[in-house]
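Data file: my_file.txt. Format and content: compact mmCIF, C-alpha atoms and all ligand atoms.
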# COMPACT_ATOMS: atom_id res chain seq x y z
CA MET A 1 134.93 105.43 311.41
CA GLY A 2 131.77 107.00 312.77
CA LEU A 3 131.12 107.15 316.49
CA ASN A 4 127.92 108.35 318.11
CA LEU A 5 128.47 108.42 321.84
CA HIS A 6 125.32 110.21 322.92
CA THR A 7 122.00 110.02 321.19
CA HIS A 8 118.47 109.49 322.43
CA LEU A 9 116.54 106.41 321.37
CA GLU A 10 113.34 108.38 321.07
CA GLY A 11 114.92 110.52 318.37
CA TRP A 12 115.45 107.48 316.14
CA VAL A 13 111.82 106.44 315.79
CA ARG A 14 110.93 106.18 312.13
CA PRO A 15 107.66 108.00 311.37
CA GLU A 16 106.35 104.95 309.51
CA THR A 17 107.19 102.78 312.51
CA ALA A 18 105.43 105.21 314.83
CA ALA A 19 102.36 105.01 312.60
CA ASP A 20 102.46 101.19 312.66
CA LEU A 21 102.90 101.04 316.41
CA ALA A 22 100.27 103.69 317.04
CA ALA A 23 97.75 101.78 314.95
CA SER A 24 98.40 98.58 316.89
CA MET A 25 98.35 100.35 320.26
CA GLY A 26 95.34 102.55 319.65
CA VAL A 27 97.37 105.75 319.90
CA PRO A 28 95.96 108.63 317.84
CA ALA A 29 98.26 110.32 315.34
CA PRO A 30 99.58 113.69 316.48
CA ASP A 31 98.42 116.87 314.76
CA GLY A 32 100.24 117.10 311.45
CA GLY A 33 101.14 113.39 311.45
CA TRP A 34 104.13 111.39 312.66
CA GLU A 35 106.64 112.80 310.19
CA HIS A 36 105.91 116.32 311.42
CA ALA A 37 105.93 115.27 315.06
CA LEU A 38 109.15 113.27 314.98
CA ARG A 39 111.41 114.90 312.41
CA MET A 40 113.19 118.19 312.90
CA THR A 41 113.83 119.96 309.63
CA GLU A 42 115.71 122.97 310.93
CA PRO A 43 117.70 123.99 314.00
CA ALA A 44 115.58 124.85 317.01
CA ASP A 45 115.87 125.39 320.72
CA LEU A 46 115.84 122.72 323.40
CA THR A 47 112.11 123.06 324.02
CA VAL A 48 111.31 122.25 320.40
CA PHE A 49 113.80 119.39 320.39
CA LEU A 50 112.33 117.88 323.53
CA ALA A 51 108.83 118.13 322.08
CA HIS A 52 109.98 116.02 319.13
CA VAL A 53 111.56 113.48 321.48
CA ALA A 54 108.44 113.34 323.65
CA ALA A 55 106.24 112.79 320.60
CA ALA A 56 107.62 109.25 320.45
CA TYR A 57 106.75 108.40 324.06
CA PRO A 58 103.19 107.16 323.39
CA VAL A 59 104.38 104.45 321.00
CA LEU A 60 107.26 103.07 323.08
CA GLY A 61 105.23 101.52 325.88
CA SER A 62 105.51 97.86 324.96
CA ALA A 63 108.30 95.32 324.64
CA GLU A 64 107.56 94.81 320.96
CA ALA A 65 107.68 98.53 320.26
CA MET A 66 110.83 99.17 322.27
CA ARG A 67 112.59 96.23 320.68
CA ARG A 68 111.63 97.27 317.16
CA VAL A 69 112.63 100.91 317.62
CA ALA A 70 115.99 99.97 319.13
CA ARG A 71 116.69 97.50 316.31
CA GLU A 72 115.75 100.04 313.66
CA ALA A 73 117.91 102.71 315.32
CA VAL A 74 120.94 100.48 314.96
CA GLU A 75 120.01 99.60 311.38
CA ASP A 76 119.62 103.27 310.49
CA ALA A 77 122.88 104.20 312.18
CA ALA A 78 124.70 101.43 310.31
CA ALA A 79 123.19 102.61 307.04
CA ASP A 80 124.50 106.07 307.92
CA ARG A 81 128.02 104.62 308.24
CA CYS A 82 128.10 104.74 312.02
CA ASP A 83 130.51 102.21 313.55
CA TYR A 84 129.59 102.65 317.18
CA LEU A 85 126.29 103.85 318.58
CA GLU A 86 125.45 104.61 322.18
CA LEU A 87 121.76 105.14 322.75
CA ARG A 88 120.32 106.70 325.86
CA PHE A 89 116.79 106.34 327.10
CA GLY A 90 114.83 106.71 330.29
CA PRO A 91 113.36 103.34 331.30
CA SER A 92 111.00 104.93 333.78
CA THR A 93 109.66 107.17 331.01
CA HIS A 94 108.48 104.17 329.03
CA ALA A 95 107.48 101.81 331.84
CA ARG A 96 103.76 101.08 332.15
CA PRO A 97 101.70 98.62 334.12
CA GLY A 98 102.84 95.23 332.87
CA PHE A 99 105.91 96.73 331.20
CA ASP A 100 108.21 97.48 334.10
CA ILE A 101 111.62 99.13 334.07
CA PRO A 102 113.56 95.85 333.76
CA ASP A 103 111.26 94.89 330.87
CA VAL A 104 111.96 98.22 329.15
CA ILE A 105 115.70 97.72 329.47
CA ALA A 106 115.53 94.10 328.32
CA ALA A 107 113.46 94.99 325.27
CA ALA A 108 115.78 97.83 324.28
CA CYS A 109 118.84 95.66 324.72
CA ALA A 110 117.24 92.86 322.69
CA GLY A 111 116.57 95.31 319.88
CA LEU A 112 120.10 96.65 320.01
CA GLU A 113 121.46 93.13 319.90
CA GLU A 114 119.29 92.26 316.91
CA GLY A 115 120.32 95.42 315.12
CA SER A 116 123.99 94.89 315.91
CA ARG A 117 123.82 91.32 314.69
CA ALA A 118 122.12 92.36 311.46
CA ALA A 119 124.63 95.15 310.90
CA THR A 120 127.52 92.79 311.52
CA GLU A 121 126.13 90.24 309.09
CA ALA A 122 125.53 92.91 306.48
CA SER A 123 129.01 94.36 306.89
CA THR A 124 130.56 90.92 306.61
CA ARG A 125 128.90 90.55 303.23
CA THR A 126 130.18 93.96 302.12
CA ALA A 127 133.56 93.81 303.91
CA GLY A 128 132.63 96.90 305.88
CA SER A 129 132.92 97.55 309.57
CA ARG A 130 130.79 96.08 312.32
CA LEU A 131 128.44 98.09 314.46
CA PRO A 132 128.59 97.57 318.18
CA ALA A 133 125.66 99.19 319.88
CA ALA A 134 125.37 99.93 323.55
CA ALA A 135 122.46 101.00 325.65
CA SER A 136 122.65 103.26 328.61
CA THR A 137 119.84 104.62 330.65
CA SER A 138 118.93 108.04 331.83
CA CYS A 139 118.09 106.86 335.33
CA PRO A 140 119.19 109.22 338.08
CA THR A 141 122.26 107.11 338.65
CA ARG A 142 122.91 107.03 334.91
CA TRP A 143 124.18 103.49 335.21
CA GLU A 144 125.04 101.65 332.10
CA CYS A 145 122.64 98.77 331.72
CA SER A 146 124.26 96.76 329.04
CA ARG A 147 126.70 96.51 326.24
CA VAL A 148 125.09 94.23 323.77
CA HIS A 149 127.77 93.54 321.24
CA PRO A 150 129.57 90.27 321.96
CA ASP A 151 132.96 91.99 321.90
CA PHE A 152 131.87 94.21 324.75
CA ARG A 153 129.78 91.82 326.79
CA SER A 154 131.10 91.81 330.33
CA THR A 155 129.90 88.37 331.40
ZN ZN A 201 121.25 113.69 325.92
Can you present the structure in this file as structure tokens?
Amino acid sequence: MGLNLHTHLEGWVRPETAADLAASMGVPAPDGGWEHALRMTEPADLTVFLAHVAAAYPVLGSAEAMRRVAREAVEDAAADRCDYLELRFGPSTHARPGFDIPDVIAAACAGLEEGSRAATEASTRTAGSRLPAAASTSCPTRWECSRVHPDFRST
């Protein structure tokens, strides 16, 4: 069983997804391209790590983008044999005019739910484990916004 209890959503952006989103949002590619900007190939200090995380910020400013990235994060974690994934993100970091903090959270949670559902369906076909995914925010209060897997839904 694989558990990932603390990972940042921005670190899961696929370079090809960033390129797609950037093209649709009019965001220029970073120097060296998205693969170079988003992927770390060797250990580095926190400053370098945060620069890679921040490289994803320009392409996460829409509901469609946030939803897609969250869904793909869960898909990639499931493919990496992760059974539980807890993603953190800062809603205020990605909020823009017309894409407010509640919209950011809702889009991320929708993506996590889609990814969890797809991972569950895939694992049912292969008799593997299911992947619950949870979202939590990096707001100052660090409140947990949602647990999206039906087994963990609190309502
Ligand atoms: Zn962290």
Spatial neighbours of A:Phe49, 12 Å, all atoms listed in the file, chain gap at least 2 places, as a PDB file with C-alpha atoms, in the coordinates of the input:
ATOM      1  CA  HIS A   8     118.470 109.490 322.430  1.00  0.00           C
ATOM      2  CA  GLU A  10     113.340 108.380 321.070  1.00  0.00           C
ATOM      3  CA  GLY A  11     114.920 110.520 318.370  1.00  0.00           C
ATOM      4  CA  ALA A  37     105.930 115.270 315.060  1.00  0.00           C
ATOM      5  CA  LEU A  38     109.150 113.270 314.980  1.00  0.00           C
ATOM      6  CA  ARG A  39     111.410 114.900 312.410  1.00  0.00           C
ATOM      7  CA  MET A  40     113.190 118.190 312.900  1.00  0.00           C
ATOM      8  CA  THR A  41     113.830 119.960 309.630  1.00  0.00           C
ATOM      9  CA  GLU A  42     115.710 122.970 310.930  1.00  0.00           C
ATOM     10  CA  PRO A  43     117.700 123.990 314.000  1.00  0.00           C
ATOM     11  CA  ALA A  44     115.580 124.850 317.010  1.00  0.00           C
ATOM     12  CA  ASP A  45     115.870 125.390 320.720  1.00  0.00           C
ATOM     13  CA  LEU A  46     115.840 122.720 323.400  1.00  0.00           C
ATOM     14  CA  THR A  47     112.110 123.060 324.020  1.00  0.00           C
ATOM     15  CA  ALA A  51     108.830 118.130 322.080  1.00  0.00           C
ATOM     16  CA  HIS A  52     109.980 116.020 319.130  1.00  0.00           C
ATOM     17  CA  VAL A  53     111.560 113.480 321.480  1.00  0.00           C
ATOM     18  CA  ALA A  54     108.440 113.340 323.650  1.00  0.00           C
ATOM     19  CA  ALA A  55     106.240 112.790 320.600  1.00  0.00           C
ATOM     20  CA  ALA A  56     107.620 109.250 320.450  1.00  0.00           C
TER      21      ALA A  56
END
Selection near A:Gly111, 6 Å with all atoms listed in the file, sequence-local residues under 5 positions removed, as a list in words: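 Counting all atoms listed in the file, the residues come to Arg67, Arg68, Ala70 and Arg71 of chain A.
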Return as CSV the residues of chain A lying at most 8 Å from ligand ZN 201 (chain A), together with the closest atom-to-atom pair for each and the distance in Å to one decimal, counting all atoms listed in the file, with rows in chain order and ascending residue number.
residue,atom,partner,partner_atom,distance
A:His6,CA,A:ZN201,ZN,6.1
A:Thr7,CA,A:ZN201,ZN,6.0
A:His8,CA,A:ZN201,ZN,6.1
A:Arg88,CA,A:ZN201,ZN,7.1
One decimal, Å: what's the distance from atom CA of A:Gly33 over to atom CA of A:Ala65, could you say? 18.5 Å
Interatomic distance, atom CA of A:Ala108 to atom CA of A:Val69 (Å, one decimal):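 If I compute the distance from atom CA of A:Ala108 to atom CA of A:Val69, I get 8.0 Å.
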To one decimal in Å, tell me the separation between atom CA of A:Ile105 and atom CA of A:Gly2. 25.0 Å
Pick out the residues sitting within 7 Å of A:Leu3, and hand them over as an MDAnalysis selection string; count all atoms listed in the file, and ignore anything fewer than 2 positions along from it in its own chain. chainID A and resid 1 5 82:85
Counting all atoms listed in the file, select every polymer residue within 10 Å of (118.3, 95.9, 315.6) as defined in the file's coordinates, and provide the selection as a PyMOL selection string. chain A and resi 67-76+78+108-119+133
Name the residues, using the chain letters and numbers of the file, that sit within 12 Å of (104.4, 95.2, 330.3) when counting all atoms listed in the file, and give them as a PyMOL selection string. chain A and resi 60-66+94-107
Compare A:Val59, A:Arg81, A:Gly32, A:Phe89 by their minimum atom-to-atom distance to A:Asp20, counting only C-alpha atoms, and give me the closest one.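 Under the stated criterion, the closest residue is A:Val59.
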